Amino acid sequence: MLTLIIGFDPKSATAISKCMIMGAAVSTVYYNLKLRHPTLDMPIIDYDLAVLIQPMLMLGISIGVAFNVIFADWMVTVLLIILFIGTSTKAFMRGVETWKKETIIKKEAAKRLDVNEDTEYKLLPGGPRNGMEKEVKELAEPEVSILENVCWKEFGLLVFVWIAFLVLQITKNYTATCTTVYWVVNLLQIPVSLGVSGYEAISLYKGWRKIASKGDSGTNLQVQQLITYCFFGVLAGLVGGLLGLGGGFIMGPLFLELGVPPQVSSATATFAMMFSSSMSVVEYHLLKRFPVPYALYFVAVATVAAFIGQHFVRRMIILMGRASIIIFILASTIFISAISLGGVGISNMIGKIERREYMGFENLCTYDV
C-alpha cells in the first residue's frame, strides 16, 4: 500500500511498514496484557515460549536488514509478491478449513437446542441465548490488571536482549563499515541470542521450565524440536527484516503446530514482534531508510487502528461465531496487494531496463547511508 498509493520505493516502504508494525504490536501487546489464557490460570502471553523465540528473532532481523541493503529493489518486490501469493493461498485454505469446523460446531449446537426446546425455550430473535450465551462466555477471555499478568523474570531477559542489541547497533553505527571492529560488533549478536535462547532451551529440555500454555504436554521437549523452533525464529526475523513484515505469519503457524491455543499463539507472536520490530526501526533509522515525520504519522495511525481493530474484531468474532470471515478478508487483501504490486513492479522493472539502470546486488561495504 505504501508503494502503490503513496509512491515510496520498495526499500523505503519496507522500513516504514516496519515502523507501522511496531506501533501496531505495542498497541496489541498493551491490549493483550490484560487478558488471561482461555483455559489455564496464566497470562495469555506465554513468556517461556517468547524467551525461546525472541532472541533468535532479533538475530534474524539483523541479518534481514543487511540483506535489504544488498538486494536490489526489484528483488525485494519479487520476494514480496511470491510471499504474498503464498501467504494469501495458505490463509484462504485455512479460512475454508475453519469455516467447515465452525459449521459443524453450529450444527451440533443447534441440535442441542432442539433437544432442550420442549422443556426450556428462551431463545429470542436477534440476540444470543442459552447455548450461544455459553459460547460467548467461553470466547470472552477474562481480564486482570497488567501487573498481575507480567512474568517479570522472563520479561527482564527479553528487555536485556533488546538493550544488548540496541547497544551493538549504535556501536556499529559509529564504526567504519566492514572493518574488523564492525564485524566483531556484528558477530557479538550471536552469543547474546544463543546465550538467552540456549538457557531457555536447556531449561525446557531438562524440565526445569515448561511451555505452560500447553498444560502438562509442554514439558521435556526434544532437542530436535527446540532446534527447529529456534531456526524458525531466525527465519521469521530474516524475512521480517528483509521484506518489512512482522514475522508473525511464520511464528503463528509454528506455535499452532506446537499445540499452543490460537489466542495464545497470536498474543505471544505479537509480543515477540514488538521487540523485533522496534529493533528493526532502530536499524533502519541508523541506515536513514525512512523520513521520520512520515514514520511518526504512520506509527500513530497504526497504533490507534490496531487498538480499535483488536477490540472490534474480538467483539465481532464473539457475536458472529465465525472467525473464518476475518481470515477470508485478510487473504483477499493480501492477494489483491500481490497482484497490484506485481503490476507496478513489472512496469518499474521495464522502465529501468529501458533506461539501462544497474539492477544487481549492492555492496554492503560501500553502501552510502
# chains A, B, ... in the order shown; residues from 1 in each chain; ligands from 1
call {"tool": "residues_around", "arguments": {"residues": "Thr333 of chain A", "least_positions_apart": "2", "cutoff": "12 Å", "atoms": "only C-alpha atoms", "output": "JSON list (two decimals) with N, CA, C and O atoms, in the first residue's frame"}}
result
[["chain", "number", "residue", "atom", "x", "y", "z"],
["A", 1, "MET", "N", 0.83, -1.21, 0.00],
["A", 1, "MET", "CA", 0.00, 0.00, 0.00],
["A", 1, "MET", "C", 0.86, 1.26, 0.00],
["A", 1, "MET", "O", 0.55, 2.23, -0.68],
["A", 84, "PHE", "N", 3.44, -12.93, -0.73],
["A", 84, "PHE", "CA", 2.03, -12.55, -0.61],
["A", 84, "PHE", "C", 1.11, -13.60, -1.23],
["A", 84, "PHE", "O", 0.07, -13.94, -0.66],
["A", 85, "ILE", "N", 1.48, -14.10, -2.42],
["A", 85, "ILE", "CA", 0.64, -15.11, -3.07],
["A", 85, "ILE", "C", 0.60, -16.39, -2.24],
["A", 85, "ILE", "O", -0.46, -16.99, -2.03],
["A", 87, "THR", "N", 1.20, -16.67, 1.04],
["A", 87, "THR", "CA", 0.51, -16.41, 2.30],
["A", 87, "THR", "C", -1.00, -16.32, 2.10],
["A", 87, "THR", "O", -1.78, -16.87, 2.89],
["A", 88, "SER", "N", -1.44, -15.63, 1.03],
["A", 88, "SER", "CA", -2.88, -15.49, 0.78],
["A", 88, "SER", "C", -3.52, -16.83, 0.47],
["A", 88, "SER", "O", -4.63, -17.13, 0.92],
["A", 89, "THR", "N", -2.81, -17.67, -0.29],
["A", 89, "THR", "CA", -3.34, -19.01, -0.61],
["A", 89, "THR", "C", -3.48, -19.85, 0.65],
["A", 89, "THR", "O", -4.51, -20.50, 0.88],
["A", 91, "ALA", "N", -3.70, -18.74, 3.72],
["A", 91, "ALA", "CA", -4.74, -18.14, 4.56],
["A", 91, "ALA", "C", -6.14, -18.53, 4.07],
["A", 91, "ALA", "O", -7.04, -18.81, 4.87],
["A", 92, "PHE", "N", -6.33, -18.53, 2.74],
["A", 92, "PHE", "CA", -7.63, -18.90, 2.19],
["A", 92, "PHE", "C", -7.98, -20.35, 2.54],
["A", 92, "PHE", "O", -9.11, -20.65, 2.95],
["A", 326, "ILE", "N", -12.90, -13.21, 9.03],
["A", 326, "ILE", "CA", -11.72, -12.34, 9.12],
["A", 326, "ILE", "C", -10.58, -12.93, 8.29],
["A", 326, "ILE", "O", -9.83, -12.20, 7.63],
["A", 327, "ILE", "N", -10.44, -14.26, 8.32],
["A", 327, "ILE", "CA", -9.37, -14.90, 7.55],
["A", 327, "ILE", "C", -9.58, -14.68, 6.06],
["A", 327, "ILE", "O", -8.62, -14.40, 5.32],
["A", 328, "PHE", "N", -10.83, -14.78, 5.60],
["A", 328, "PHE", "CA", -11.13, -14.57, 4.17],
["A", 328, "PHE", "C", -10.83, -13.13, 3.76],
["A", 328, "PHE", "O", -10.30, -12.87, 2.67],
["A", 329, "ILE", "N", -11.18, -12.17, 4.62],
["A", 329, "ILE", "CA", -10.91, -10.76, 4.31],
["A", 329, "ILE", "C", -9.40, -10.53, 4.20],
["A", 329, "ILE", "O", -8.91, -9.86, 3.28],
["A", 330, "LEU", "N", -8.66, -11.10, 5.14],
["A", 330, "LEU", "CA", -7.20, -10.96, 5.14],
["A", 330, "LEU", "C", -6.59, -11.57, 3.88],
["A", 330, "LEU", "O", -5.74, -10.97, 3.22],
["A", 331, "ALA", "N", -7.04, -12.79, 3.54],
["A", 331, "ALA", "CA", -6.50, -13.47, 2.36],
["A", 331, "ALA", "C", -6.78, -12.67, 1.09],
["A", 331, "ALA", "O", -5.91, -12.54, 0.22],
["A", 335, "PHE", "N", -3.96, -11.00, -1.41],
["A", 335, "PHE", "CA", -3.90, -11.42, -2.81],
["A", 335, "PHE", "C", -4.02, -10.23, -3.75],
["A", 335, "PHE", "O", -3.27, -10.11, -4.73],
["A", 336, "ILE", "N", -4.95, -9.32, -3.46],
["A", 336, "ILE", "CA", -5.10, -8.12, -4.30],
["A", 336, "ILE", "C", -3.83, -7.28, -4.26],
["A", 336, "ILE", "O", -3.39, -6.73, -5.28],
["A", 337, "SER", "N", -3.22, -7.18, -3.07],
["A", 337, "SER", "CA", -1.96, -6.43, -2.96],
["A", 337, "SER", "C", -0.86, -7.06, -3.80],
["A", 337, "SER", "O", -0.08, -6.36, -4.44],
["A", 338, "ALA", "N", -0.81, -8.40, -3.81],
["A", 338, "ALA", "CA", 0.21, -9.09, -4.60],
["A", 338, "ALA", "C", 0.03, -8.81, -6.08],
["A", 338, "ALA", "O", 1.01, -8.53, -6.80],
["A", 339, "ILE", "N", -1.21, -8.87, -6.57],
["A", 339, "ILE", "CA", -1.47, -8.62, -8.00],
["A", 339, "ILE", "C", -1.14, -7.17, -8.36],
["A", 339, "ILE", "O", -0.47, -6.89, -9.37],
["A", 340, "SER", "N", -1.59, -6.23, -7.51],
["A", 340, "SER", "CA", -1.34, -4.80, -7.80],
["A", 340, "SER", "C", 0.15, -4.49, -7.74],
["A", 340, "SER", "O", 0.69, -3.80, -8.62],
["A", 341, "LEU", "N", 0.80, -4.99, -6.69],
["A", 341, "LEU", "CA", 2.23, -4.74, -6.54],
["A", 341, "LEU", "C", 3.02, -5.36, -7.69],
["A", 341, "LEU", "O", 4.01, -4.80, -8.17]]
call {"tool": "residues_around", "arguments": {"residues": "segment 45-61 of chain A", "least_positions_apart": "5", "cutoff": "7 Å", "atoms": "only C-alpha atoms", "output": "VMD selection string"}}
result
chain A and resid 151 154 158 161 189 to 190 193 196 to 197 200 to 201 211 to 213 229 to 230 233 to 238 240 to 241 264 267 to 268 272 276 280
call {"tool": "write_last_selection", "arguments": {"atoms": "N, CA and C atoms", "output": "short mmCIF file (atom, residue, chain, number, x, y, z; two decimals), in the first residue's frame"}}
result
data_model
loop_
_atom_site.label_atom_id
_atom_site.label_comp_id
_atom_site.auth_asym_id
_atom_site.auth_seq_id
_atom_site.Cartn_x
_atom_site.Cartn_y
_atom_site.Cartn_z
N CYS A 151 5.18 -11.67 33.73
CA CYS A 151 6.20 -12.51 34.38
C CYS A 151 7.51 -11.74 34.30
N GLU A 154 11.13 -13.32 33.07
CA GLU A 154 11.20 -13.56 31.63
C GLU A 154 11.17 -12.24 30.86
N LEU A 158 14.03 -10.61 28.16
CA LEU A 158 13.72 -10.09 26.83
C LEU A 158 14.19 -8.63 26.69
N VAL A 161 17.98 -8.62 26.17
CA VAL A 161 18.36 -8.91 24.79
C VAL A 161 18.16 -7.68 23.92
N GLN A 189 26.31 -10.27 18.34
CA GLN A 189 24.87 -10.53 18.45
C GLN A 189 24.58 -12.03 18.58
N ILE A 190 25.48 -12.85 18.02
CA ILE A 190 25.25 -14.30 18.04
C ILE A 190 25.32 -14.86 19.47
N SER A 193 22.19 -13.85 21.49
CA SER A 193 20.99 -14.60 21.11
C SER A 193 21.07 -16.05 21.58
N VAL A 196 20.79 -16.53 25.60
CA VAL A 196 19.46 -16.47 26.22
C VAL A 196 18.57 -17.61 25.72
N SER A 197 18.52 -17.80 24.39
CA SER A 197 17.70 -18.89 23.85
C SER A 197 18.23 -20.25 24.30
N GLU A 200 17.13 -20.95 27.87
CA GLU A 200 15.72 -21.34 27.91
C GLU A 200 15.53 -22.74 27.34
N ALA A 201 16.26 -23.06 26.24
CA ALA A 201 16.13 -24.38 25.62
C ALA A 201 16.58 -25.49 26.57
N ILE A 211 6.54 -24.96 28.63
CA ILE A 211 5.67 -24.07 27.86
C ILE A 211 4.27 -24.22 28.46
N ALA A 212 3.97 -23.37 29.42
CA ALA A 212 2.80 -23.54 30.28
C ALA A 212 1.48 -23.50 29.51
N SER A 213 1.45 -22.79 28.38
CA SER A 213 0.19 -22.66 27.65
C SER A 213 -0.30 -23.98 27.08
N TYR A 229 12.43 -24.86 16.48
CA TYR A 229 11.77 -23.62 16.90
C TYR A 229 12.73 -22.43 16.78
N CYS A 230 13.98 -22.65 17.21
CA CYS A 230 14.97 -21.57 17.13
C CYS A 230 15.27 -21.22 15.67
N GLY A 233 12.59 -19.17 14.32
CA GLY A 233 12.67 -17.83 14.87
C GLY A 233 13.61 -16.96 14.07
N VAL A 234 14.80 -17.53 13.72
CA VAL A 234 15.76 -16.80 12.88
C VAL A 234 15.15 -16.53 11.50
N LEU A 235 14.48 -17.53 10.93
CA LEU A 235 13.87 -17.38 9.60
C LEU A 235 12.81 -16.29 9.60
N ALA A 236 11.98 -16.27 10.64
CA ALA A 236 10.94 -15.24 10.73
C ALA A 236 11.55 -13.85 10.81
N GLY A 237 12.62 -13.71 11.59
CA GLY A 237 13.29 -12.42 11.70
C GLY A 237 13.95 -12.01 10.40
N LEU A 238 14.58 -12.97 9.71
CA LEU A 238 15.25 -12.67 8.44
C LEU A 238 14.25 -12.16 7.41
N GLY A 240 11.32 -10.90 8.03
CA GLY A 240 10.77 -9.63 8.50
C GLY A 240 11.69 -8.46 8.24
N GLY A 241 12.99 -8.64 8.51
CA GLY A 241 13.95 -7.57 8.28
C GLY A 241 14.14 -7.27 6.81
N VAL A 264 -3.37 -17.68 22.40
CA VAL A 264 -2.04 -17.57 22.99
C VAL A 264 -0.99 -17.45 21.89
N ALA A 267 -1.09 -13.85 20.59
CA ALA A 267 -0.60 -12.90 21.58
C ALA A 267 0.91 -13.02 21.78
N THR A 268 1.43 -14.26 21.82
CA THR A 268 2.86 -14.47 22.04
C THR A 268 3.67 -14.04 20.83
N ALA A 272 6.58 -11.05 20.84
CA ALA A 272 7.94 -11.17 20.33
C ALA A 272 8.20 -10.16 19.22
N SER A 276 11.24 -7.25 18.23
CA SER A 276 12.00 -7.35 16.98
C SER A 276 11.71 -6.19 16.04
N SER A 280 14.20 -3.34 14.46
CA SER A 280 14.28 -3.08 13.02
C SER A 280 14.18 -1.59 12.73
#
call {"tool": "atom_distance", "arguments": {"atom1": "atom CA of Ile202 of chain A", "atom2": "atom CA of Val260 of chain A"}}
result
20.0 Å
call {"tool": "residues_around", "arguments": {"residues": "Ala305 of chain A", "least_positions_apart": "6", "cutoff": "10 Å", "atoms": "only C-alpha atoms", "output": "VMD selection string"}}
result
chain A and resid 23 to 24 27 to 28 299
call {"tool": "closest_atom_pairs", "arguments": {"of": "segment 242-352 of chain A", "to": "segment 64-68 of chain A", "cutoff": "8 Å", "atoms": "only C-alpha atoms", "output": "Markdown table"}}
result
| residue | atom | partner | partner_atom | distance |
| --- | --- | --- | --- | --- |
| A:Leu242 | CA | A:Gly64 | CA | 4.3 |
| A:Leu243 | CA | A:Asn68 | CA | 7.3 |
| A:Ser280 | CA | A:Val65 | CA | 7.4 |
| A:Glu283 | CA | A:Val65 | CA | 7.5 |
| A:Tyr284 | CA | A:Val65 | CA | 7.6 |
call {"tool": "atom_distance", "arguments": {"atom1": "atom CA of Tyr358 of chain A", "atom2": "atom CA of Ile70 of chain A"}}
result
13.1 Å
call {"tool": "residues_around", "arguments": {"residues": "segment 94-101 of chain A", "least_positions_apart": "3", "cutoff": "8 Å", "atoms": "only C-alpha atoms", "output": "mmCIF file with all heavy atoms, in the first residue's frame"}}
result
data_model
loop_
_atom_site.group_PDB
_atom_site.id
_atom_site.type_symbol
_atom_site.label_atom_id
_atom_site.label_comp_id
_atom_site.auth_asym_id
_atom_site.auth_seq_id
_atom_site.Cartn_x
_atom_site.Cartn_y
_atom_site.Cartn_z
ATOM 1 N N LYS A 90 -2.420 -19.817 1.486
ATOM 2 C CA LYS A 90 -2.470 -20.585 2.726
ATOM 3 C C LYS A 90 -3.563 -20.057 3.657
ATOM 4 O O LYS A 90 -4.272 -20.840 4.302
ATOM 5 C CB LYS A 90 -1.110 -20.522 3.420
ATOM 6 C CG LYS A 90 -1.010 -21.428 4.645
ATOM 7 C CD LYS A 90 0.405 -21.471 5.187
ATOM 8 C CE LYS A 90 0.494 -22.423 6.369
ATOM 9 N NZ LYS A 90 1.875 -22.500 6.915
ATOM 10 N N ALA A 91 -3.705 -18.739 3.720
ATOM 11 C CA ALA A 91 -4.744 -18.143 4.565
ATOM 12 C C ALA A 91 -6.137 -18.526 4.074
ATOM 13 O O ALA A 91 -7.037 -18.808 4.871
ATOM 14 C CB ALA A 91 -4.588 -16.628 4.599
ATOM 15 N N ILE A 104 -19.776 -27.218 11.544
ATOM 16 C CA ILE A 104 -20.064 -28.424 12.322
ATOM 17 C C ILE A 104 -20.438 -28.074 13.758
ATOM 18 O O ILE A 104 -21.391 -28.617 14.330
ATOM 19 C CB ILE A 104 -18.836 -29.363 12.299
ATOM 20 C CG1 ILE A 104 -18.597 -29.889 10.880
ATOM 21 C CG2 ILE A 104 -19.023 -30.527 13.272
ATOM 22 C CD1 ILE A 104 -17.307 -30.690 10.727
ATOM 23 N N ILE A 105 -19.671 -27.136 14.346
ATOM 24 C CA ILE A 105 -19.955 -26.724 15.731
ATOM 25 C C ILE A 105 -21.337 -26.092 15.841
ATOM 26 O O ILE A 105 -22.091 -26.359 16.786
ATOM 27 C CB ILE A 105 -18.874 -25.736 16.215
ATOM 28 C CG1 ILE A 105 -17.521 -26.448 16.335
ATOM 29 C CG2 ILE A 105 -19.268 -25.121 17.559
ATOM 30 C CD1 ILE A 105 -16.369 -25.519 16.641
ATOM 31 N N ARG A 322 -17.942 -16.776 13.936
ATOM 32 C CA ARG A 322 -17.199 -17.222 12.753
ATOM 33 C C ARG A 322 -15.942 -16.377 12.576
ATOM 34 O O ARG A 322 -15.981 -15.314 11.967
ATOM 35 C CB ARG A 322 -18.064 -17.139 11.497
ATOM 36 C CG ARG A 322 -19.069 -18.273 11.363
ATOM 37 C CD ARG A 322 -19.627 -18.329 9.965
ATOM 38 N NE ARG A 322 -20.615 -19.373 9.807
ATOM 39 C CZ ARG A 322 -20.328 -20.636 9.495
ATOM 40 N NH1 ARG A 322 -19.067 -20.992 9.337
ATOM 41 N NH2 ARG A 322 -21.285 -21.528 9.354
ATOM 42 N N ALA A 323 -14.834 -16.874 13.077
ATOM 43 C CA ALA A 323 -13.556 -16.187 12.887
ATOM 44 C C ALA A 323 -13.064 -16.320 11.453
ATOM 45 O O ALA A 323 -12.212 -15.556 11.002
ATOM 46 C CB ALA A 323 -12.516 -16.762 13.841
ATOM 47 N N SER A 324 -13.627 -17.272 10.702
ATOM 48 C CA SER A 324 -13.176 -17.519 9.330
ATOM 49 C C SER A 324 -13.437 -16.330 8.414
ATOM 50 O O SER A 324 -12.726 -16.141 7.418
ATOM 51 C CB SER A 324 -13.874 -18.753 8.772
ATOM 52 O OG SER A 324 -15.286 -18.631 8.872
ATOM 53 N N ILE A 325 -14.438 -15.516 8.728
ATOM 54 C CA ILE A 325 -14.732 -14.334 7.901
ATOM 55 C C ILE A 325 -13.525 -13.399 7.882
ATOM 56 O O ILE A 325 -13.151 -12.860 6.833
ATOM 57 C CB ILE A 325 -15.984 -13.608 8.427
ATOM 58 C CG1 ILE A 325 -17.208 -14.515 8.282
ATOM 59 C CG2 ILE A 325 -16.199 -12.287 7.689
ATOM 60 C CD1 ILE A 325 -18.470 -13.929 8.854
ATOM 61 N N ILE A 327 -10.438 -14.255 8.315
ATOM 62 C CA ILE A 327 -9.369 -14.898 7.551
ATOM 63 C C ILE A 327 -9.576 -14.675 6.057
ATOM 64 O O ILE A 327 -8.625 -14.400 5.323
ATOM 65 C CB ILE A 327 -9.310 -16.408 7.871
ATOM 66 C CG1 ILE A 327 -9.077 -16.625 9.364
ATOM 67 C CG2 ILE A 327 -8.201 -17.084 7.058
ATOM 68 C CD1 ILE A 327 -9.096 -18.083 9.785
ATOM 69 N N PHE A 328 -10.829 -14.777 5.597
ATOM 70 C CA PHE A 328 -11.126 -14.571 4.172
ATOM 71 C C PHE A 328 -10.829 -13.126 3.756
ATOM 72 O O PHE A 328 -10.302 -12.873 2.674
ATOM 73 C CB PHE A 328 -12.587 -14.909 3.876
ATOM 74 C CG PHE A 328 -12.868 -16.385 3.871
ATOM 75 C CD1 PHE A 328 -13.916 -16.909 4.600
ATOM 76 C CD2 PHE A 328 -12.084 -17.252 3.133
ATOM 77 C CE1 PHE A 328 -14.172 -18.272 4.591
ATOM 78 C CE2 PHE A 328 -12.330 -18.618 3.119
ATOM 79 C CZ PHE A 328 -13.386 -19.133 3.859
#
call {"tool": "atom_distance", "arguments": {"atom1": "atom CA of Tyr174 of chain A", "atom2": "atom CA of Met20 of chain A"}}
result
26.6 Å
call {"tool": "residues_around", "arguments": {"residues": "Val184 of chain A", "least_positions_apart": "5", "cutoff": "12 Å", "atoms": "only C-alpha atoms", "output": "JSON, numbers by chain"}}
result
{"A": [168, 169, 171, 172, 175, 176, 177, 178, 179, 189, 190, 191]}
call {"tool": "select_by_dssp", "arguments": {"residues": "segment 32-202 of chain A", "states": "strand (DSSP E or B)", "output": "ChimeraX atom specification"}}
result
/A:35-36,43,143
call {"tool": "write_last_selection", "arguments": {"atoms": "C-alpha atoms", "output": "PDB file, in the first residue's frame"}}
result
ATOM      1  CA  LEU A  35      -6.119 -10.964  29.172  1.00  0.00           C
ATOM      2  CA  ARG A  36      -5.711 -14.454  30.596  1.00  0.00           C
ATOM      3  CA  PRO A  43      -1.411 -14.891  31.150  1.00  0.00           C
ATOM      4  CA  GLU A 143      -9.279  -9.667  32.200  1.00  0.00           C
TER       5      GLU A 143
END
call {"tool": "select_by_dssp", "arguments": {"residues": "segment 22-221 of chain A", "states": "alpha helix (DSSP H)", "output": "MDAnalysis selection string"}}
result
chainID A and resid 22:32 47:70 73:116 130:139 146:149 152:173 180:187 189:206
